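Asks: Sending over model-v4.tsv (TSV, C-alpha atoms).
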chain	number	residue	atom	x	y	z
U	101	ILE	CA	0.00	0.00	0.00
U	102	TYR	CA	1.44	3.34	-1.05
U	103	GLY	CA	0.17	6.77	-0.11
U	104	GLN	CA	-0.30	9.38	-2.80
U	105	THR	CA	2.05	12.35	-3.19
U	106	LYS	CA	3.04	13.70	0.23
U	107	GLY	CA	1.28	10.77	1.90
U	108	THR	CA	-2.25	12.08	1.42
U	109	GLY	CA	-3.81	8.79	0.30
U	110	THR	CA	-6.46	7.39	2.67
U	111	ILE	CA	-7.97	3.91	2.90
U	112	LYS	CA	-10.84	3.06	5.28
U	113	VAL	CA	-12.03	-0.54	5.41
U	114	ASP	CA	-14.34	-2.63	7.58
U	115	GLY	CA	-14.26	-6.41	7.39
U	116	GLY	CA	-17.41	-8.36	6.63
U	117	SER	CA	-18.75	-10.84	9.13
U	118	GLY	CA	-15.81	-12.73	10.65
U	119	LYS	CA	-13.34	-10.94	8.40
U	120	ALA	CA	-10.25	-8.83	8.92
U	121	GLY	CA	-10.36	-5.20	7.88
U	122	ILE	CA	-7.37	-5.94	5.63
U	123	ARG	CA	-6.82	-9.69	5.33
U	124	VAL	CA	-3.22	-10.91	5.35
U	125	ALA	CA	-3.51	-14.68	5.56
U	126	LYS	CA	-0.70	-17.02	6.52
U	127	GLY	CA	1.72	-17.18	3.58
U	128	SER	CA	0.77	-13.70	2.35
U	129	THR	CA	2.69	-10.42	2.71
U	130	LEU	CA	1.47	-6.85	3.10
U	131	ASN	CA	3.80	-3.84	2.85
U	132	ILE	CA	2.56	-0.43	4.02
U	133	LYS	CA	4.69	2.46	2.83
U	134	GLY	CA	2.59	5.58	3.32
U	135	GLY	CA	-0.78	7.24	3.47
U	136	SER	CA	-3.46	6.92	6.13
U	137	ILE	CA	-5.02	3.51	6.71
U	138	TYR	CA	-7.99	2.73	8.94
U	139	ALA	CA	-8.79	-0.98	9.19
U	140	TYR	CA	-11.47	-2.53	11.40
U	141	GLY	CA	-12.10	-6.25	11.80
U	142	THR	CA	-15.51	-7.69	12.66
U	143	GLN	CA	-16.66	-10.70	14.71
U	144	GLY	CA	-13.29	-12.33	15.23
U	145	GLY	CA	-11.30	-10.75	12.40
U	146	ALA	CA	-8.13	-8.78	13.05
U	147	GLY	CA	-7.91	-5.14	12.06
U	148	ILE	CA	-5.02	-6.11	9.77
U	149	GLY	CA	-4.11	-9.81	9.57
U	150	GLY	CA	-6.13	-12.98	9.93
U	151	ASP	CA	-9.85	-13.57	9.55
U	152	ASN	CA	-11.77	-15.39	12.29
U	153	GLU	CA	-9.92	-18.64	13.17
U	154	GLU	CA	-6.97	-17.64	10.97
U	155	SER	CA	-3.35	-16.77	11.65
U	156	SER	CA	-1.69	-13.76	10.11
U	157	GLY	CA	0.93	-13.65	7.39
U	158	LYS	CA	3.73	-11.07	7.19
U	159	ILE	CA	2.93	-7.38	7.75
U	160	GLU	CA	5.67	-4.81	7.23
U	161	ILE	CA	5.12	-1.12	7.98
U	162	LEU	CA	7.67	1.36	6.69
U	163	GLY	CA	5.69	4.57	7.07
U	164	GLY	CA	2.30	6.23	7.02
U	165	THR	CA	-0.43	6.39	9.63
U	166	VAL	CA	-2.08	3.09	10.51
U	167	THR	CA	-5.10	2.63	12.76
U	168	ALA	CA	-6.06	-1.04	13.17
U	169	GLU	CA	-8.77	-2.34	15.48
U	170	GLY	CA	-9.66	-6.00	15.91
U	171	GLY	CA	-13.22	-7.26	15.91
U	172	ARG	CA	-14.41	-9.28	18.88
U	173	CYS	CA	-11.39	-11.37	19.97
U	174	GLY	CA	-9.27	-10.38	16.95
U	175	ALA	CA	-5.90	-8.65	17.29
U	176	GLY	CA	-5.44	-5.08	16.13
U	177	ILE	CA	-2.56	-6.28	13.94
U	178	GLY	CA	-2.07	-10.05	13.82
U	179	GLY	CA	-4.25	-13.10	14.35
U	180	GLY	CA	-7.99	-13.61	14.35
U	181	LYS	CA	-10.12	-15.23	17.05
U	182	PHE	CA	-9.38	-18.92	17.91
U	183	TYR	CA	-5.89	-20.16	17.05
U	184	GLY	CA	-5.07	-16.86	15.31
U	185	ASP	CA	-1.30	-16.56	15.70
U	186	GLY	CA	0.36	-13.23	15.09
U	187	GLY	CA	2.47	-14.19	12.09
U	188	THR	CA	5.32	-11.75	11.44
U	189	THR	CA	4.97	-8.03	12.07
U	190	ILE	CA	7.87	-5.69	11.26
U	191	ILE	CA	7.66	-1.97	12.01
U	192	HIS	CA	10.36	0.36	10.68
U	193	GLY	CA	8.45	3.61	10.99
U	194	GLY	CA	5.10	5.36	10.77
U	195	THR	CA	2.47	6.16	13.36
U	196	ILE	CA	0.54	3.07	14.45
U	197	ILE	CA	-2.47	2.68	16.72
U	198	ALA	CA	-3.28	-1.03	17.21
U	199	THR	CA	-6.17	-2.03	19.46
U	200	GLY	CA	-7.11	-5.63	20.19
U	201	GLY	CA	-10.68	-6.86	20.38
U	202	VAL	CA	-11.96	-8.59	23.53
U	203	ASP	CA	-9.02	-10.40	25.22
U	204	ALA	CA	-6.81	-10.08	22.09
U	205	ALA	CA	-3.40	-8.47	21.67
U	206	GLY	CA	-2.92	-5.02	20.20
U	207	ILE	CA	-0.15	-6.51	18.03
U	208	GLY	CA	0.13	-10.31	18.04
U	209	GLY	CA	-2.34	-13.08	18.76
U	210	GLY	CA	-6.11	-13.27	18.82
U	211	SER	CA	-8.14	-14.53	21.77
U	212	ASN	CA	-9.95	-17.81	22.20
U	213	GLY	CA	-12.93	-15.82	23.48
U	214	ASP	CA	-14.04	-18.59	25.82
U	215	ALA	CA	-13.21	-20.36	29.06
U	216	PRO	CA	-9.89	-22.23	29.41
U	217	LEU	CA	-11.54	-25.41	28.11
U	218	GLY	CA	-12.17	-23.75	24.74
U	219	PRO	CA	-9.74	-23.58	21.81
U	220	ASP	CA	-6.33	-22.04	22.28
U	221	GLY	CA	-5.85	-18.34	21.74
U	222	GLY	CA	-3.27	-16.99	19.35
U	223	SER	CA	0.48	-16.99	19.95
U	224	GLY	CA	2.29	-13.69	19.61
U	225	GLY	CA	4.20	-14.56	16.45
U	226	ASN	CA	7.42	-12.83	15.43
U	227	ILE	CA	7.44	-9.10	16.17
U	228	ILE	CA	10.29	-6.77	15.13
U	229	ILE	CA	10.22	-3.05	15.93
U	230	ASN	CA	13.06	-0.68	15.14
U	231	GLY	CA	11.24	2.62	14.76
U	232	GLY	CA	7.88	4.36	14.61
U	233	THR	CA	5.44	5.86	17.08
U	234	ILE	CA	3.20	3.09	18.35
U	235	THR	CA	0.24	2.84	20.69
U	236	ALA	CA	-0.62	-0.82	21.34
U	237	THR	CA	-3.60	-1.71	23.52
U	238	ALA	CA	-4.73	-5.21	24.51
U	239	GLY	CA	-8.42	-6.05	24.70
U	240	SER	CA	-8.06	-6.95	28.40
U	241	SER	CA	-5.46	-7.63	31.07
U	242	SER	CA	-5.57	-11.30	30.01
U	243	ALA	CA	-3.76	-10.46	26.76
U	244	GLU	CA	-0.50	-8.67	26.00
U	245	ALA	CA	-0.40	-5.29	24.30
U	246	ILE	CA	2.32	-6.81	22.11
U	247	GLY	CA	2.41	-10.62	22.19
U	248	ARG	CA	-0.10	-13.36	22.87
U	249	GLY	CA	-3.88	-13.18	23.11
U	250	MET	CA	-5.74	-14.70	26.05
U	251	TYR	CA	-4.78	-18.38	26.43
U	252	GLY	CA	-2.28	-18.04	23.61
U	253	ARG	CA	0.14	-20.94	23.50
U	254	ASN	CA	3.20	-18.70	23.72
U	255	ALA	CA	4.20	-15.04	23.61
U	256	GLY	CA	6.20	-15.48	20.41
U	257	THR	CA	9.45	-13.61	19.83
U	258	LYS	CA	10.03	-9.87	20.14
U	259	GLN	CA	13.02	-7.95	18.82
U	260	ILE	CA	12.74	-4.29	19.76
U	261	THR	CA	15.59	-1.92	18.98
U	262	GLY	CA	13.72	1.36	18.51
U	263	GLY	CA	10.40	3.18	18.51
U	264	ASN	CA	8.17	5.02	20.95
U	265	ILE	CA	5.90	2.24	22.15
U	266	LYS	CA	3.06	3.08	24.50
U	267	GLY	CA	1.76	-0.14	26.01
U	268	TYR	CA	5.04	-2.05	25.91
U	269	SER	CA	8.03	-0.22	27.36
U	270	ASN	CA	10.51	-0.50	30.19
U	271	HIS	CA	11.42	3.18	30.54
U	272	THR	CA	9.27	6.31	30.38
U	273	ILE	CA	11.14	9.50	29.59
U	274	ILE	CA	9.52	12.88	30.21
U	275	LEU	CA	10.75	15.92	28.31
U	276	ASP	CA	10.14	18.75	30.76
U	277	GLY	CA	8.82	21.86	29.06
U	278	VAL	CA	7.48	20.14	25.95
U	279	ASN	CA	3.77	20.89	25.59
U	280	GLU	CA	2.97	19.36	22.20
U	281	GLU	CA	3.98	16.30	20.19
U	282	VAL	CA	7.46	16.81	18.73
U	283	SER	CA	9.71	14.73	16.47
U	284	ILE	CA	12.87	13.13	17.83
U	285	VAL	CA	15.82	13.94	15.56
U	286	ASP	CA	18.81	12.78	17.62
U	287	ILE	CA	19.70	10.86	20.77
U	288	ASN	CA	23.12	9.95	22.16
U	289	CYS	CA	22.68	6.18	22.33
U	290	ASN	CA	22.02	3.24	20.03
U	291	TYR	CA	18.22	3.15	19.72
U	292	GLY	CA	16.11	3.58	16.58
U	293	ILE	CA	14.26	6.88	16.24
U	294	ASN	CA	12.95	6.75	12.66
U	295	ASP	CA	9.50	8.42	12.67
U	296	VAL	CA	9.56	8.68	16.46
U	297	MET	CA	7.47	11.42	18.02
U	298	THR	CA	6.52	12.05	21.62
U	299	LEU	CA	3.17	10.73	22.88
U	300	ASP	CA	0.93	12.35	25.48
U	301	LYS	CA	2.72	15.58	24.52
U	302	ASP	CA	6.00	15.08	26.39
U	303	LYS	CA	6.58	11.33	26.84
U	304	LEU	CA	8.77	8.70	25.25
U	305	TYR	CA	7.98	5.06	26.02
U	306	PHE	CA	11.18	3.21	25.16
U	307	TYR	CA	11.86	-0.52	25.32
U	308	ILE	CA	15.60	-0.08	25.60
U	309	SER	CA	18.43	-2.08	27.13
U	310	ASP	CA	19.80	-0.91	30.46
U	311	THR	CA	23.20	-0.39	28.82
U	312	GLU	CA	21.85	1.99	26.17
U	313	TYR	CA	19.52	3.68	28.64
U	314	LYS	CA	22.47	4.59	30.85
U	315	LYS	CA	24.18	6.21	27.85
U	316	LEU	CA	21.10	8.25	27.00
U	317	THR	CA	21.35	11.77	28.43
U	318	GLU	CA	20.44	14.12	25.57
U	319	ILE	CA	17.46	14.12	23.23
U	320	THR	CA	17.13	16.61	20.38
U	321	VAL	CA	13.62	17.38	19.16
U	322	ARG	CA	12.03	19.37	16.33
U	323	ASP	CA	8.67	21.07	16.73
U	324	LYS	CA	6.08	21.76	14.03
U	325	THR	CA	7.74	25.04	13.10
U	326	GLY	CA	11.09	23.33	12.51
U	327	LYS	CA	12.73	24.68	15.66
U	328	GLU	CA	15.15	22.28	17.35
U	329	ASP	CA	15.93	22.03	21.07
U	330	THR	CA	17.90	19.61	23.23
U	331	TYR	CA	16.39	18.15	26.40
U	332	TYR	CA	17.70	16.02	29.21
U	333	LYS	CA	15.82	12.93	30.28
U	334	THR	CA	13.78	12.58	33.47
U	335	GLU	CA	12.13	9.28	34.31
U	336	ASP	CA	8.74	8.68	36.01
Give the structure from this file in structure tokens form.

Replies:
Amino acid sequence: IYGQTKGTGTIKVDGGSGKAGIRVAKGSTLNIKGGSIYAYGTQGGAGIGGDNEESSGKIEILGGTVTAEGGRCGAGIGGGKFYGDGGTTIIHGGTIIATGGVDAAGIGGGSNGDAPLGPDGGSGGNIIINGGTITATAGSSSAEAIGRGMYGRNAGTKQITGGNIKGYSNHTIILDGVNEEVSIVDINCNYGINDVMTLDKDKLYFYISDTEYKKLTEITVRDKTGKEDTYYKTED
């Protein structure tokens, strides 16, 4: 999927009954490179990924704005309800809002939607994040924001080396004095900042190693007017 010139292309899709908003079945690949995409699954379908009772294929996001919401028990991005594993999700950049349906992951596996005696939920799949501004929300505390759905067989694998990830982070950095979302243009450690902006005005939710976090002392930002400033981290 490509956006039009300057990324102005927009796609809005709702899945039919039991369908993903944008279906990416196991064995299939979807590349998103720009534009604005709004995808909503219905009755067990993922926002982007598997239909009801279906695992996801490979989803790669390089840019653009993506809003993906799972139908009942479907992941925002990943598997559908019942056995719906997360497949492979790779995020290099863009702004992503991924919301799981009931008991499903924001990014990863769907939910079994039933008691423990029902079918298994979806495993998390293989998730790689090295940039982007991401808000991932599970459908309940029984699922992971990024990972397995409720009763998923396993959490899958996660390789995170960059990105601002609300919902799955180990350090929250507050930029004192910032009162609007700003772009991150430089940091003094090894962590990916492609398409990274602050969330909740002044916050960065990093999933970063302790070694790199200790190195991080300066963060340079650019506001909407193009003005750049350097800030020093403070943690919650």

Asks: How close does range 219-252 of chain U get to range 199-208 of chain U? List, as CSV, each residue of range 219-252 of chain U within 9 Å, its nearest atom pair and the distance in Å to one decimal, counting only C-alpha atoms.

Replies:
residue,atom,partner,partner_atom,distance
U:Gly221,CA,U:Ala204,CA,8.3
U:Gly222,CA,U:Gly208,CA,7.6
U:Ser223,CA,U:Gly208,CA,7.0
U:Gly224,CA,U:Gly208,CA,4.3
U:Gly225,CA,U:Gly208,CA,6.1
U:Asn226,CA,U:Gly208,CA,8.1
U:Ile227,CA,U:Gly208,CA,7.6
U:Thr235,CA,U:Thr199,CA,8.1
U:Ala236,CA,U:Gly206,CA,4.9
U:Thr237,CA,U:Gly206,CA,4.7
U:Ala238,CA,U:Ala205,CA,4.5
U:Gly239,CA,U:Asp203,CA,4.4
U:Ser240,CA,U:Asp203,CA,4.8
U:Ser241,CA,U:Asp203,CA,7.4
U:Ser242,CA,U:Asp203,CA,6.0
U:Ala243,CA,U:Ala205,CA,5.5
U:Glu244,CA,U:Ala205,CA,5.2
U:Ala245,CA,U:Gly206,CA,4.8
U:Ile246,CA,U:Ile207,CA,4.8
U:Gly247,CA,U:Gly208,CA,4.7
U:Arg248,CA,U:Gly208,CA,5.7
U:Gly249,CA,U:Ala204,CA,4.4
U:Met250,CA,U:Asp203,CA,5.5

Asks: Record the distance separating CA of Leu130 in chain U and CA of Ser155 in chain U, expressed in Å with one decimal.

Replies: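 So the two atoms, CA of Leu130 in chain U and CA of Ser155 in chain U, lie 14.0 Å apart.
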
Asks: What does the distance between CA of Asp295 in chain U and CA of Asp323 in chain U come to in Å, to one decimal place?

Replies: 13.3 Å

Asks: Pick out the residues sitting within 9 Å of Ile265 in chain U, and hand them over as a short mmCIF file (atom, residue, chain, number, x, y, z; two decimals) with C-alpha atoms, in the coordinates of the input; count all atoms listed in the file, and ignore anything fewer than 5 positions along from it in its own chain.

Replies:
data_model
loop_
_atom_site.label_atom_id
_atom_site.label_comp_id
_atom_site.auth_asym_id
_atom_site.auth_seq_id
_atom_site.Cartn_x
_atom_site.Cartn_y
_atom_site.Cartn_z
CA GLY U 232 7.88 4.36 14.61
CA THR U 233 5.44 5.86 17.08
CA ILE U 234 3.20 3.09 18.35
CA THR U 235 0.24 2.84 20.69
CA ALA U 236 -0.62 -0.82 21.34
CA LEU U 299 3.17 10.73 22.88
CA LEU U 304 8.77 8.70 25.25
CA TYR U 305 7.98 5.06 26.02
CA PHE U 306 11.18 3.21 25.16
CA TYR U 307 11.86 -0.52 25.32
#

Asks: Report, in Å with one decimal, the straight-line distance from CA of Asp310 in chain U to CA of Gly186 in chain U.

Replies: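 If I compute the distance from CA of Asp310 in chain U to CA of Gly186 in chain U, I get 27.7 Å.
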
Asks: Hey, which of U:Gly262, U:Gly193, U:Gly145, U:Gly115 ends up closest to Ser211 in chain U? Count only C-alpha atoms.

Replies: U:Gly145
